[in-house]
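Dropping query-v3.txt in here (compact mmCIF, C-alpha atoms and all ligand atoms):
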# COMPACT_ATOMS: atom_id res chain seq x y z
CA MET A 1 -15.81 -19.51 -6.18
CA THR A 2 -16.70 -17.85 -2.86
CA ASP A 3 -17.55 -14.16 -3.30
CA LEU A 4 -18.45 -12.53 0.07
CA THR A 5 -19.73 -9.47 -1.83
CA THR A 6 -20.42 -6.38 0.33
CA PRO A 7 -22.11 -3.03 -0.46
CA THR A 8 -18.59 -1.55 -0.82
CA CYS A 9 -17.82 -4.20 -3.45
CA GLU A 10 -21.02 -3.23 -5.28
CA LEU A 11 -20.01 0.45 -5.30
CA LEU A 12 -16.57 -0.45 -6.65
CA GLY A 13 -17.95 -2.91 -9.21
CA ILE A 14 -16.00 -5.86 -7.73
CA LYS A 15 -17.10 -9.24 -6.40
CA ARG A 16 -14.76 -9.84 -3.50
CA PRO A 17 -13.89 -7.52 -0.59
CA ILE A 18 -10.15 -7.29 -1.19
CA VAL A 19 -8.31 -4.21 -2.36
CA GLN A 20 -4.63 -4.60 -3.18
CA ALA A 21 -2.87 -1.64 -1.52
CA PRO A 22 -0.65 0.42 -3.86
CA VAL A 23 2.53 -1.54 -3.28
CA SER A 24 3.43 -2.20 -6.91
CA THR A 25 3.55 -0.87 -10.45
CA THR A 26 3.56 -4.37 -11.98
CA PRO A 27 0.58 -4.83 -14.33
CA ASP A 28 0.38 -8.58 -13.55
CA VAL A 29 -0.12 -7.81 -9.86
CA ILE A 30 -2.75 -5.09 -10.38
CA ALA A 31 -4.69 -6.80 -13.18
CA GLY A 32 -4.29 -10.16 -11.43
CA VAL A 33 -6.06 -8.91 -8.32
CA SER A 34 -8.84 -7.31 -10.39
CA ASN A 35 -9.24 -10.51 -12.44
CA ALA A 36 -9.50 -12.48 -9.19
CA GLY A 37 -12.52 -10.37 -8.23
CA GLY A 38 -10.79 -7.79 -6.02
CA LEU A 39 -9.52 -4.30 -6.86
CA GLY A 40 -5.92 -3.82 -8.04
CA VAL A 41 -4.36 -0.43 -7.28
CA LEU A 42 -1.51 1.14 -9.26
CA GLN A 43 1.12 2.95 -7.18
CA ALA A 44 1.29 5.97 -9.50
CA THR A 45 3.06 8.72 -7.51
CA TRP A 46 6.57 7.92 -8.75
CA LEU A 47 5.74 7.20 -12.41
CA ASN A 48 6.44 9.60 -15.24
CA ASN A 49 3.74 10.17 -17.85
CA ASP A 50 5.22 7.74 -20.39
CA SER A 51 5.52 4.87 -17.96
CA THR A 52 2.03 5.60 -16.60
CA SER A 53 0.51 5.32 -20.06
CA ASP A 54 2.46 2.09 -20.76
CA ILE A 55 1.45 0.55 -17.44
CA VAL A 56 -2.20 1.63 -17.65
CA ALA A 57 -2.37 0.18 -21.20
CA ALA A 58 -0.75 -3.06 -19.99
CA ILE A 59 -3.28 -3.34 -17.15
CA GLN A 60 -6.15 -2.67 -19.56
CA ARG A 61 -4.85 -5.38 -21.92
CA ARG A 62 -4.89 -7.87 -19.03
CA THR A 63 -8.26 -7.03 -17.49
CA ASN A 64 -11.55 -5.34 -18.25
CA ARG A 65 -12.42 -5.20 -14.55
CA PRO A 66 -12.10 -2.01 -12.44
CA PHE A 67 -8.76 -0.97 -10.99
CA ALA A 68 -7.54 2.15 -9.20
CA ALA A 69 -4.58 4.55 -9.17
CA ASN A 70 -3.04 5.94 -5.98
CA TYR A 71 -1.33 9.28 -5.31
CA VAL A 72 0.58 10.62 -2.30
CA ILE A 73 -0.84 14.14 -2.05
CA SER A 74 2.16 15.74 -0.31
CA LEU A 75 4.42 14.62 -3.17
CA MET A 76 2.15 15.93 -5.97
CA ASP A 77 4.26 18.40 -7.96
CA ASP A 78 3.36 19.60 -11.49
CA ASP A 79 4.50 16.33 -13.09
CA VAL A 80 2.48 14.19 -10.71
CA ASN A 81 -0.51 16.46 -11.31
CA ASP A 82 -0.21 15.89 -15.08
CA ASN A 83 -0.03 12.19 -14.44
CA PHE A 84 -3.15 12.44 -12.23
CA ASP A 85 -5.03 14.22 -15.06
CA TYR A 86 -3.87 11.59 -17.55
CA VAL A 87 -5.17 8.75 -15.39
CA LEU A 88 -8.54 10.50 -15.09
CA GLU A 89 -8.67 11.15 -18.84
CA VAL A 90 -8.14 7.50 -19.72
CA GLY A 91 -10.99 6.55 -17.41
CA VAL A 92 -9.38 4.83 -14.42
CA PRO A 93 -12.57 4.45 -12.37
CA VAL A 94 -11.24 4.82 -8.80
CA ILE A 95 -8.63 7.26 -7.46
CA SER A 96 -7.04 6.71 -4.07
CA THR A 97 -5.20 9.47 -2.19
CA PHE A 98 -2.92 9.41 0.85
CA TRP A 99 -0.95 11.80 3.08
CA GLY A 100 -2.64 15.20 2.76
CA ASP A 101 -5.94 17.02 2.28
CA PRO A 102 -8.06 15.38 -0.44
CA ALA A 103 -10.58 18.27 -0.64
CA PRO A 104 -9.04 20.08 -3.66
CA LEU A 105 -8.76 16.79 -5.60
CA VAL A 106 -12.27 15.44 -5.01
CA PRO A 107 -14.02 17.70 -7.60
CA ARG A 108 -11.39 16.75 -10.23
CA ILE A 109 -12.00 13.07 -9.49
CA HIS A 110 -15.79 13.37 -9.54
CA ASP A 111 -15.84 15.57 -12.68
CA ALA A 112 -14.04 12.72 -14.46
CA GLY A 113 -16.70 10.28 -13.24
CA ALA A 114 -14.37 8.40 -10.87
CA LEU A 115 -14.81 7.45 -7.22
CA ALA A 116 -12.64 9.16 -4.57
CA MET A 117 -10.98 7.04 -1.92
CA HIS A 118 -8.82 8.57 0.83
CA THR A 119 -6.72 7.03 3.59
CA VAL A 120 -7.31 8.32 7.13
CA ALA A 121 -5.99 7.60 10.60
CA SER A 122 -8.71 8.96 12.91
CA ALA A 123 -12.49 9.28 13.16
CA GLU A 124 -12.23 13.08 12.91
CA GLU A 125 -10.17 12.87 9.73
CA ALA A 126 -12.69 10.41 8.26
CA ARG A 127 -15.50 12.90 8.94
CA ARG A 128 -13.54 15.71 7.25
CA ALA A 129 -12.83 13.52 4.21
CA VAL A 130 -16.48 12.52 3.83
CA ASP A 131 -17.58 16.16 4.26
CA ALA A 132 -15.18 16.97 1.38
CA GLY A 133 -17.01 14.44 -0.80
CA VAL A 134 -14.76 11.38 -0.47
CA ASP A 135 -16.79 8.26 -1.32
CA ILE A 136 -14.71 5.64 0.49
CA VAL A 137 -12.37 6.09 3.45
CA VAL A 138 -9.50 3.68 4.05
CA ALA A 139 -8.75 3.41 7.78
CA GLN A 140 -5.02 2.61 8.08
CA GLY A 141 -3.82 1.12 11.39
CA VAL A 142 -0.31 1.60 12.73
CA GLU A 143 0.65 -2.05 12.11
CA ALA A 144 0.65 -1.32 8.36
CA GLY A 145 3.74 -1.65 6.16
CA GLY A 146 5.18 1.24 4.15
CA HIS A 147 4.34 4.81 5.10
CA VAL A 148 2.01 4.97 8.06
CA TRP A 149 -0.20 8.02 8.52
CA GLY A 150 -1.42 7.52 12.10
CA GLU A 151 -0.79 5.80 15.38
CA VAL A 152 -4.01 3.89 16.17
CA SER A 153 -4.24 0.11 15.72
CA THR A 154 -6.55 -1.35 13.07
CA LEU A 155 -8.73 -3.10 15.70
CA VAL A 156 -9.61 0.25 17.31
CA LEU A 157 -9.46 2.57 14.30
CA VAL A 158 -11.87 0.70 12.02
CA PRO A 159 -14.91 0.66 14.34
CA ALA A 160 -14.19 4.27 15.39
CA VAL A 161 -14.21 5.33 11.73
CA VAL A 162 -17.28 3.18 10.91
CA ASP A 163 -19.20 4.92 13.72
CA ALA A 164 -17.98 8.36 12.62
CA VAL A 165 -19.10 8.08 8.98
CA PRO A 166 -22.14 5.76 9.04
CA ASP A 167 -23.25 6.78 5.54
CA ALA A 168 -19.86 6.29 3.88
CA HIS A 169 -17.94 3.18 2.89
CA VAL A 170 -14.99 2.16 5.06
CA ILE A 171 -12.12 -0.12 4.07
CA ALA A 172 -9.70 -1.47 6.70
CA ALA A 173 -5.92 -1.41 6.26
CA GLY A 174 -3.00 -2.59 8.35
CA GLY A 175 -2.02 -6.10 9.36
CA ILE A 176 -4.55 -7.97 7.20
CA ALA A 177 -2.60 -10.88 5.73
CA ASP A 178 -5.00 -13.85 5.67
CA GLY A 179 -8.65 -14.89 5.84
CA ARG A 180 -8.72 -14.43 9.61
CA GLY A 181 -7.79 -10.77 9.19
CA LEU A 182 -10.39 -10.31 6.46
CA ALA A 183 -13.14 -11.89 8.60
CA ALA A 184 -12.07 -9.73 11.55
CA VAL A 185 -12.28 -6.41 9.69
CA LEU A 186 -15.63 -7.33 8.12
CA ALA A 187 -16.82 -8.00 11.70
CA LEU A 188 -15.56 -4.53 12.67
CA GLY A 189 -17.84 -3.01 10.03
CA ALA A 190 -15.43 -2.54 7.14
CA GLY A 191 -16.75 -3.17 3.62
CA ALA A 192 -13.41 -4.59 2.42
CA ALA A 193 -9.79 -5.15 3.40
CA TRP A 194 -6.88 -3.12 1.98
CA VAL A 195 -3.97 -5.52 1.80
CA GLY A 196 -0.35 -4.44 1.25
CA THR A 197 2.41 -6.64 2.63
CA ARG A 198 0.66 -9.88 1.59
CA PHE A 199 0.66 -8.71 -2.07
CA VAL A 200 4.27 -7.51 -1.83
CA MET A 201 4.91 -11.23 -1.28
CA SER A 202 3.07 -12.35 -4.41
CA LYS A 203 4.76 -14.34 -7.18
CA GLU A 204 3.93 -11.71 -9.81
CA ASN A 205 5.60 -8.94 -7.77
CA LYS A 206 9.00 -10.61 -8.40
CA LEU A 207 10.92 -9.34 -5.37
CA PRO A 208 14.70 -9.63 -5.54
CA ALA A 209 15.83 -12.71 -3.57
CA ASP A 210 17.64 -10.61 -0.90
CA TYR A 211 14.37 -8.93 0.02
CA SER A 212 12.01 -11.90 -0.26
CA GLU A 213 14.21 -14.30 1.76
CA ARG A 214 14.25 -11.85 4.64
CA MET A 215 10.53 -11.23 4.34
CA LEU A 216 9.74 -14.96 4.46
CA ALA A 217 11.95 -15.47 7.52
CA ALA A 218 10.52 -12.49 9.43
CA LYS A 219 8.40 -12.69 12.57
CA GLU A 220 5.67 -10.27 13.64
CA THR A 221 8.23 -8.65 15.96
CA ASP A 222 10.75 -7.91 13.19
CA THR A 223 9.40 -4.60 11.86
CA PHE A 224 10.54 -1.10 12.83
CA TYR A 225 8.50 2.15 12.84
CA SER A 226 10.45 5.40 12.42
CA THR A 227 11.29 8.24 10.01
CA LEU A 228 14.76 6.76 9.32
CA PHE A 229 14.53 6.20 5.54
CA ASP A 230 13.93 9.82 4.59
CA ILE A 231 15.80 10.63 1.36
CA GLY A 232 12.97 11.39 -1.06
CA TRP A 233 10.22 11.78 1.55
CA PRO A 234 11.41 13.45 4.80
CA ASP A 235 9.66 13.35 8.20
CA ALA A 236 7.23 10.65 7.16
CA PRO A 237 6.84 7.68 9.54
CA HIS A 238 7.06 4.26 7.91
CA ARG A 239 7.32 0.62 8.88
CA VAL A 240 10.12 -1.55 7.51
CA LEU A 241 11.83 -4.81 8.24
CA VAL A 242 14.73 -4.52 10.70
CA ASN A 243 18.01 -4.76 8.74
CA GLU A 244 21.64 -3.73 9.19
CA THR A 245 20.91 -0.07 8.34
CA VAL A 246 18.27 0.08 11.09
CA GLU A 247 20.44 -1.84 13.59
CA ALA A 248 23.53 0.36 13.04
CA TRP A 249 21.45 3.52 13.54
CA VAL A 250 19.87 2.20 16.75
CA GLU A 251 23.30 1.10 18.06
CA ALA A 252 24.67 4.60 17.29
CA GLY A 253 22.00 6.09 19.60
CA ARG A 254 19.54 7.14 16.86
CA PRO A 255 21.47 10.24 15.67
CA PRO A 256 19.71 12.89 13.51
CA PRO A 257 20.06 13.15 9.72
CA GLY A 258 23.57 14.29 8.80
CA GLU A 259 25.15 12.29 11.65
CA ARG A 260 23.91 8.78 10.86
CA PRO A 261 26.23 5.80 10.28
CA ASN A 262 27.58 5.58 6.71
CA GLU A 263 25.36 8.42 5.55
CA GLY A 264 26.05 9.35 1.92
CA ASP A 265 27.12 5.79 0.94
CA VAL A 266 25.87 4.58 -2.41
CA ILE A 267 24.54 1.13 -1.51
CA ALA A 268 22.78 0.06 -4.71
CA HIS A 269 21.84 1.07 -8.25
CA HIS A 270 18.63 1.21 -10.27
CA PRO A 271 18.67 -0.81 -13.52
CA THR A 272 19.28 2.56 -15.27
CA GLY A 273 22.54 2.95 -13.30
CA GLU A 274 21.13 5.72 -11.07
CA PRO A 275 22.66 5.42 -7.57
CA ILE A 276 20.66 4.72 -4.41
CA LEU A 277 21.94 6.24 -1.17
CA ARG A 278 21.67 4.64 2.26
CA TYR A 279 18.52 6.02 3.98
CA SER A 280 16.74 6.49 0.62
CA THR A 281 13.00 5.72 0.58
CA ASP A 282 13.53 3.53 -2.53
CA ASP A 283 12.79 -0.15 -1.94
CA PRO A 284 14.38 -3.01 -3.90
CA TYR A 285 12.79 -4.24 -7.12
CA ASP A 286 13.74 -6.69 -9.84
CA GLY A 287 16.82 -5.54 -11.80
CA MET A 288 18.47 -3.42 -9.09
CA THR A 289 22.03 -4.27 -8.09
CA GLY A 290 24.06 -3.77 -4.91
CA ASP A 291 23.42 -4.30 -1.20
CA LEU A 292 19.65 -4.57 -1.57
CA ALA A 293 19.18 -6.03 1.93
CA ALA A 294 20.51 -2.75 3.45
CA MET A 295 17.83 -0.68 1.63
CA CYS A 296 14.41 0.35 2.89
CA LEU A 297 12.52 -2.96 3.17
CA TYR A 298 8.88 -1.96 3.65
CA ALA A 299 6.86 -4.51 5.64
CA GLY A 300 3.92 -4.49 8.02
CA GLN A 301 3.59 -6.53 11.20
CA GLY A 302 1.50 -9.01 9.23
CA ILE A 303 4.74 -10.22 7.64
CA GLY A 304 4.91 -12.67 10.57
CA LEU A 305 1.85 -14.43 9.11
CA ILE A 306 3.26 -14.77 5.57
CA LYS A 307 5.22 -17.94 4.89
CA ASP A 308 5.22 -18.17 1.10
CA GLU A 309 5.14 -16.23 -2.16
CA LYS A 310 2.11 -17.24 -4.19
CA PRO A 311 0.14 -16.00 -7.20
CA VAL A 312 -2.17 -13.06 -6.51
CA ALA A 313 -5.22 -15.11 -7.56
CA ASP A 314 -4.39 -17.73 -4.89
CA ILE A 315 -3.95 -15.02 -2.26
CA VAL A 316 -7.39 -13.58 -3.06
CA ASP A 317 -9.07 -17.02 -3.31
CA GLU A 318 -7.65 -18.25 0.00
CA MET A 319 -8.38 -15.07 1.92
CA VAL A 320 -11.99 -14.99 0.75
CA SER A 321 -12.74 -18.70 1.20
CA ASP A 322 -11.07 -18.82 4.63
CA ALA A 323 -12.93 -15.68 5.76
CA ALA A 324 -16.25 -17.07 4.50
CA ALA A 325 -15.64 -20.35 6.39
CA ILE A 326 -14.78 -18.48 9.60
CA ILE A 327 -17.85 -16.26 9.34
CA SER A 328 -20.13 -19.24 8.78
CA ARG A 329 -18.50 -21.24 11.61
CA ILE A 330 -18.87 -18.37 14.08
CA GLY A 331 -22.43 -17.71 12.88
CA ASN A 332 -23.39 -21.34 13.46
CA SER A 333 -21.78 -21.82 16.88
C1 LIG B 401 5.97 -1.65 -0.22
C2 LIG B 401 4.86 -0.73 0.19
C3 LIG B 401 4.63 0.44 -0.54
C4 LIG B 401 3.56 1.29 -0.21
N1 LIG B 401 3.32 2.42 -0.98
C5 LIG B 401 2.19 3.15 -0.78
C6 LIG B 401 1.82 4.20 -1.68
O1 LIG B 401 2.53 4.53 -2.64
N2 LIG B 401 0.65 4.85 -1.44
C7 LIG B 401 -0.17 4.52 -0.38
O2 LIG B 401 -1.25 5.10 -0.25
N3 LIG B 401 0.18 3.56 0.49
C8 LIG B 401 1.33 2.86 0.31
N4 LIG B 401 1.65 1.85 1.20
C9 LIG B 401 0.79 1.60 2.38
C10 LIG B 401 -0.38 0.71 1.97
O3 LIG B 401 -1.29 1.47 1.21
C11 LIG B 401 -1.16 0.09 3.13
O4 LIG B 401 -1.70 1.08 3.98
C12 LIG B 401 -0.42 -0.93 3.94
O5 LIG B 401 0.38 -1.76 3.14
C13 LIG B 401 -1.44 -1.80 4.70
O6 LIG B 401 -0.84 -2.60 5.67
P1 LIG B 401 -0.24 -4.06 5.42
O7 LIG B 401 1.07 -3.82 4.74
O8 LIG B 401 -0.09 -4.58 6.80
O9 LIG B 401 -1.19 -4.84 4.58
C14 LIG B 401 2.73 1.00 0.91
C15 LIG B 401 2.98 -0.17 1.65
C16 LIG B 401 4.03 -1.03 1.32
C17 LIG B 401 4.23 -2.28 2.14
Can you dump the structure from the file as structure tokens?
Amino acid sequence: MTDLTTPTCELLGIKRPIVQAPVSTTPDVIAGVSNAGGLGVLQATWLNNDSTSDIVAAIQRRTNRPFAANYVISLMDDDVNDNFDYVLEVGVPVISTFWGDPAPLVPRIHDAGALAMHTVASAEEARRAVDAGVDIVVAQGVEAGGHVWGEVSTLVLVPAVVDAVPDAHVIAAGGIADGRGLAAVLALGAGAAWVGTRFVMSKENKLPADYSERMLAAKETDTFYSTLFDIGWPDAPHRVLVNETVEAWVEAGRPPPGERPNEGDVIAHHPTGEPILRYSTDDPYDGMTGDLAAMCLYAGQGIGLIKDEKPVADIVDEMVSDAAAIISRIGNS
């Protein structure tokens, strides 16, 4: 098994420089990545306390390797804060934060003995995060899928951040979907890759067929960056796959909220029966019913490089062995 261990891996207690971005709450995805030598990350912002404890227990049954939990700071109300404390109490060793100021959270994370990881989109923001005590910064480029914090591409952002915080650990995010991307960001000075869309397309993530068929057919030009899907998280730029909801809005001349085509339509339902409105930030998962293809289909530009759904362990193995082969080939030429 090829490892490609970096100092950032050593800090995190992992063997391979791959962090699964928080794109899932499925224990098999998160534990699967950790068991494959990377770091699985639980998307914890939208979980209630009961489901968090069930999911954390399920992850811990599947792996004794490190994993992380992720929180969107701007969405942290009292319930999410309780959930954050719970995750620290049960000893999740790494906490990742996104979309806000991590400074007030860092002492809570460190007092619990965990590492603090925060996602940034500029060199200046990276410096502020490290000054606040953040141990690892994740530099997220604009090609990323899901919510996108900044506007700089991964190729430029990562070295700018590496230069800005030479004593901290930097992980690269955005557009990394295969071993070539991993080798590239290691060459830019990152200590690991933070990989989202590729793990969305893992076997264990069990995407509904409507979503996965579109994802597999998509090209690198088929994503759309906007604040369109805003019910649940307003004014927050995100990257999705182009679908009929996006196309109808563009054809209508990009009208503001309140005047958008078919606004207020219930287009799908959660397995609990709870309705999902058009323009909701909810994305399709197993068990939902309705017009899932019209929902918010998060995807990064790297979707154009993804041609299959495969087990998380195979994704990690292939990325690491391909990156190692590329690095050795370039080194020997
Ligand atoms: C389906 C999906 C959900 C996401 N949810 C979160 C989240 O809850 N918290 C977060 O910090 N980032 C989230 N992101 C962004 C990822 O952390 C990451 O920056 C991005 O996926 C990296 O780019 P890539 O998709 O090209 O690999 C999400 C991304 C996707 C695709």
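Excluding Ala103 in chain A and any residue on its chain fewer than 5 positions from it, the residues at most 10 Å away by all atoms listed in the file are Arg108, His118, Arg128, Ala129, Val130, Asp131, Ala132, Gly133 and Val134 of chain A.
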### Task
List every protein, DNA or RNA residue that has an atom no more than 8 Å from (-13.1, 7.3, -9.2) in the file's coordinate frame, counting all atoms listed in the file, and report them as an MDAnalysis selection string.
chainID A and resid 68 92:96 109:110 112:117
Using only C-alpha atoms and all ligand atoms, what table do you get, as a Markdown table, when you list each residue of chain A with an atom no more than 9 Å from ligand LIG 401 (chain B), its nearest pair of atoms, and their distance in Å rounded to one decimal, rows by chain then rising number?
| residue | atom | partner | partner_atom | distance |
| --- | --- | --- | --- | --- |
| A:Gln20 | CA | B:LIG401 | O3 | 8.2 |
| A:Ala21 | CA | B:LIG401 | O3 | 4.4 |
| A:Pro22 | CA | B:LIG401 | C5 | 5.0 |
| A:Val23 | CA | B:LIG401 | C3 | 4.0 |
| A:Ser24 | CA | B:LIG401 | C3 | 7.0 |
| A:Leu42 | CA | B:LIG401 | O1 | 8.5 |
| A:Gln43 | CA | B:LIG401 | O1 | 5.0 |
| A:Ala44 | CA | B:LIG401 | O1 | 7.1 |
| A:Thr45 | CA | B:LIG401 | O1 | 6.4 |
| A:Trp46 | CA | B:LIG401 | O1 | 8.1 |
| A:Asn70 | CA | B:LIG401 | N2 | 6.0 |
| A:Tyr71 | CA | B:LIG401 | N2 | 6.2 |
| A:Val72 | CA | B:LIG401 | N2 | 5.8 |
| A:Ser96 | CA | B:LIG401 | O2 | 7.1 |
| A:Thr97 | CA | B:LIG401 | O2 | 6.2 |
| A:Phe98 | CA | B:LIG401 | O2 | 4.8 |
| A:Trp99 | CA | B:LIG401 | O2 | 7.5 |
| A:His118 | CA | B:LIG401 | O2 | 8.4 |
| A:Thr119 | CA | B:LIG401 | O2 | 7.0 |
| A:Val138 | CA | B:LIG401 | O4 | 8.2 |
| A:Ala139 | CA | B:LIG401 | O4 | 8.3 |
| A:Gln140 | CA | B:LIG401 | O4 | 5.5 |
| A:Gly141 | CA | B:LIG401 | O6 | 7.4 |
| A:Val142 | CA | B:LIG401 | O6 | 8.2 |
| A:Glu143 | CA | B:LIG401 | O8 | 5.9 |
| A:Ala144 | CA | B:LIG401 | O6 | 3.3 |
| A:Gly145 | CA | B:LIG401 | O7 | 3.7 |
| A:Gly146 | CA | B:LIG401 | C15 | 3.6 |
| A:His147 | CA | B:LIG401 | C9 | 5.5 |
| A:Val148 | CA | B:LIG401 | C9 | 6.7 |
| A:Trp149 | CA | B:LIG401 | O4 | 8.4 |
| A:Ala172 | CA | B:LIG401 | C13 | 8.5 |
| A:Ala173 | CA | B:LIG401 | C13 | 4.8 |
| A:Gly174 | CA | B:LIG401 | O6 | 3.4 |
| A:Gly175 | CA | B:LIG401 | O8 | 3.5 |
| A:Ile176 | CA | B:LIG401 | O9 | 5.3 |
| A:Ala177 | CA | B:LIG401 | O9 | 6.3 |
| A:Ala193 | CA | B:LIG401 | O9 | 8.7 |
| A:Trp194 | CA | B:LIG401 | C13 | 6.2 |
| A:Val195 | CA | B:LIG401 | O9 | 4.0 |
| A:Gly196 | CA | B:LIG401 | O5 | 3.4 |
| A:Thr197 | CA | B:LIG401 | O7 | 3.8 |
| A:Arg198 | CA | B:LIG401 | O9 | 6.1 |
| A:Phe199 | CA | B:LIG401 | O9 | 7.9 |
| A:Val200 | CA | B:LIG401 | C1 | 6.3 |
| A:His238 | CA | B:LIG401 | C15 | 8.7 |
| A:Arg239 | CA | B:LIG401 | C17 | 8.0 |
| A:Val240 | CA | B:LIG401 | C17 | 8.0 |
| A:Asp283 | CA | B:LIG401 | C1 | 7.2 |
| A:Leu297 | CA | B:LIG401 | C1 | 7.5 |
| A:Tyr298 | CA | B:LIG401 | C1 | 4.9 |
| A:Ala299 | CA | B:LIG401 | C17 | 4.9 |
| A:Gly300 | CA | B:LIG401 | O8 | 4.2 |
| A:Gln301 | CA | B:LIG401 | O8 | 6.1 |
| A:Gly302 | CA | B:LIG401 | O8 | 5.3 |
| A:Ile303 | CA | B:LIG401 | O8 | 7.5 |
Next, write the just-selected residues to a file, as a PDB file, keeping the file's coordinate frame, keeping C-alpha atoms as the atom set.
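Output file selection30.pdb is given in full below:
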ATOM      1  CA  GLN A  20      -4.630  -4.600  -3.180  1.00  0.00           C
ATOM      2  CA  ALA A  21      -2.870  -1.640  -1.520  1.00  0.00           C
ATOM      3  CA  PRO A  22      -0.650   0.420  -3.860  1.00  0.00           C
ATOM      4  CA  VAL A  23       2.530  -1.540  -3.280  1.00  0.00           C
ATOM      5  CA  SER A  24       3.430  -2.200  -6.910  1.00  0.00           C
ATOM      6  CA  LEU A  42      -1.510   1.140  -9.260  1.00  0.00           C
ATOM      7  CA  GLN A  43       1.120   2.950  -7.180  1.00  0.00           C
ATOM      8  CA  ALA A  44       1.290   5.970  -9.500  1.00  0.00           C
ATOM      9  CA  THR A  45       3.060   8.720  -7.510  1.00  0.00           C
ATOM     10  CA  TRP A  46       6.570   7.920  -8.750  1.00  0.00           C
ATOM     11  CA  ASN A  70      -3.040   5.940  -5.980  1.00  0.00           C
ATOM     12  CA  TYR A  71      -1.330   9.280  -5.310  1.00  0.00           C
ATOM     13  CA  VAL A  72       0.580  10.620  -2.300  1.00  0.00           C
ATOM     14  CA  SER A  96      -7.040   6.710  -4.070  1.00  0.00           C
ATOM     15  CA  THR A  97      -5.200   9.470  -2.190  1.00  0.00           C
ATOM     16  CA  PHE A  98      -2.920   9.410   0.850  1.00  0.00           C
ATOM     17  CA  TRP A  99      -0.950  11.800   3.080  1.00  0.00           C
ATOM     18  CA  HIS A 118      -8.820   8.570   0.830  1.00  0.00           C
ATOM     19  CA  THR A 119      -6.720   7.030   3.590  1.00  0.00           C
ATOM     20  CA  VAL A 138      -9.500   3.680   4.050  1.00  0.00           C
ATOM     21  CA  ALA A 139      -8.750   3.410   7.780  1.00  0.00           C
ATOM     22  CA  GLN A 140      -5.020   2.610   8.080  1.00  0.00           C
ATOM     23  CA  GLY A 141      -3.820   1.120  11.390  1.00  0.00           C
ATOM     24  CA  VAL A 142      -0.310   1.600  12.730  1.00  0.00           C
ATOM     25  CA  GLU A 143       0.650  -2.050  12.110  1.00  0.00           C
ATOM     26  CA  ALA A 144       0.650  -1.320   8.360  1.00  0.00           C
ATOM     27  CA  GLY A 145       3.740  -1.650   6.160  1.00  0.00           C
ATOM     28  CA  GLY A 146       5.180   1.240   4.150  1.00  0.00           C
ATOM     29  CA  HIS A 147       4.340   4.810   5.100  1.00  0.00           C
ATOM     30  CA  VAL A 148       2.010   4.970   8.060  1.00  0.00           C
ATOM     31  CA  TRP A 149      -0.200   8.020   8.520  1.00  0.00           C
ATOM     32  CA  ALA A 172      -9.700  -1.470   6.700  1.00  0.00           C
ATOM     33  CA  ALA A 173      -5.920  -1.410   6.260  1.00  0.00           C
ATOM     34  CA  GLY A 174      -3.000  -2.590   8.350  1.00  0.00           C
ATOM     35  CA  GLY A 175      -2.020  -6.100   9.360  1.00  0.00           C
ATOM     36  CA  ILE A 176      -4.550  -7.970   7.200  1.00  0.00           C
ATOM     37  CA  ALA A 177      -2.600 -10.880   5.730  1.00  0.00           C
ATOM     38  CA  ALA A 193      -9.790  -5.150   3.400  1.00  0.00           C
ATOM     39  CA  TRP A 194      -6.880  -3.120   1.980  1.00  0.00           C
ATOM     40  CA  VAL A 195      -3.970  -5.520   1.800  1.00  0.00           C
ATOM     41  CA  GLY A 196      -0.350  -4.440   1.250  1.00  0.00           C
ATOM     42  CA  THR A 197       2.410  -6.640   2.630  1.00  0.00           C
ATOM     43  CA  ARG A 198       0.660  -9.880   1.590  1.00  0.00           C
ATOM     44  CA  PHE A 199       0.660  -8.710  -2.070  1.00  0.00           C
ATOM     45  CA  VAL A 200       4.270  -7.510  -1.830  1.00  0.00           C
ATOM     46  CA  HIS A 238       7.060   4.260   7.910  1.00  0.00           C
ATOM     47  CA  ARG A 239       7.320   0.620   8.880  1.00  0.00           C
ATOM     48  CA  VAL A 240      10.120  -1.550   7.510  1.00  0.00           C
ATOM     49  CA  ASP A 283      12.790  -0.150  -1.940  1.00  0.00           C
ATOM     50  CA  LEU A 297      12.520  -2.960   3.170  1.00  0.00           C
ATOM     51  CA  TYR A 298       8.880  -1.960   3.650  1.00  0.00           C
ATOM     52  CA  ALA A 299       6.860  -4.510   5.640  1.00  0.00           C
ATOM     53  CA  GLY A 300       3.920  -4.490   8.020  1.00  0.00           C
ATOM     54  CA  GLN A 301       3.590  -6.530  11.200  1.00  0.00           C
ATOM     55  CA  GLY A 302       1.500  -9.010   9.230  1.00  0.00           C
ATOM     56  CA  ILE A 303       4.740 -10.220   7.640  1.00  0.00           C
TER      57      ILE A 303
END
### Message
List the spatial neighbours of Glu318 in chain A as a VMD selection string - criterion: any atom at most 10 Å away, all atoms listed in the file, same-chain residues fewer than 4 positions off excluded.
### Response
chain A and resid 2 178 to 179 312 to 314 322 to 324
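Atom pair CA of Ala36 in chain A / CA of Asp317 in chain A has a distance of 7.4 Å (rounded to one decimal).
Interatomic distance, CA of Arg180 in chain A against CA of Ala126 in chain A: 25.2 Å.
Nearest to Ala192 in chain A of all the residues A:Gly331, A:Gly264, A:Pro256, A:Val320 is A:Val320, based on all atoms listed in the file.
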#### Entry: A:Ile18, A:Ile326, A:Ile306, A:Ile59 ranked by distance to Ala187 in chain A, top pick (using all atoms listed in the file)
A:Ile326
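In terms of minimum interatomic distance to Ser226 in chain A, A:Glu151 ranks closest within A:Val137, A:Glu151, A:Pro166, A:Glu10, counting all atoms listed in the file.
Rounded to one decimal, CA of Asn83 in chain A and CA of Val170 in chain A lie 26.5 Å from each other.
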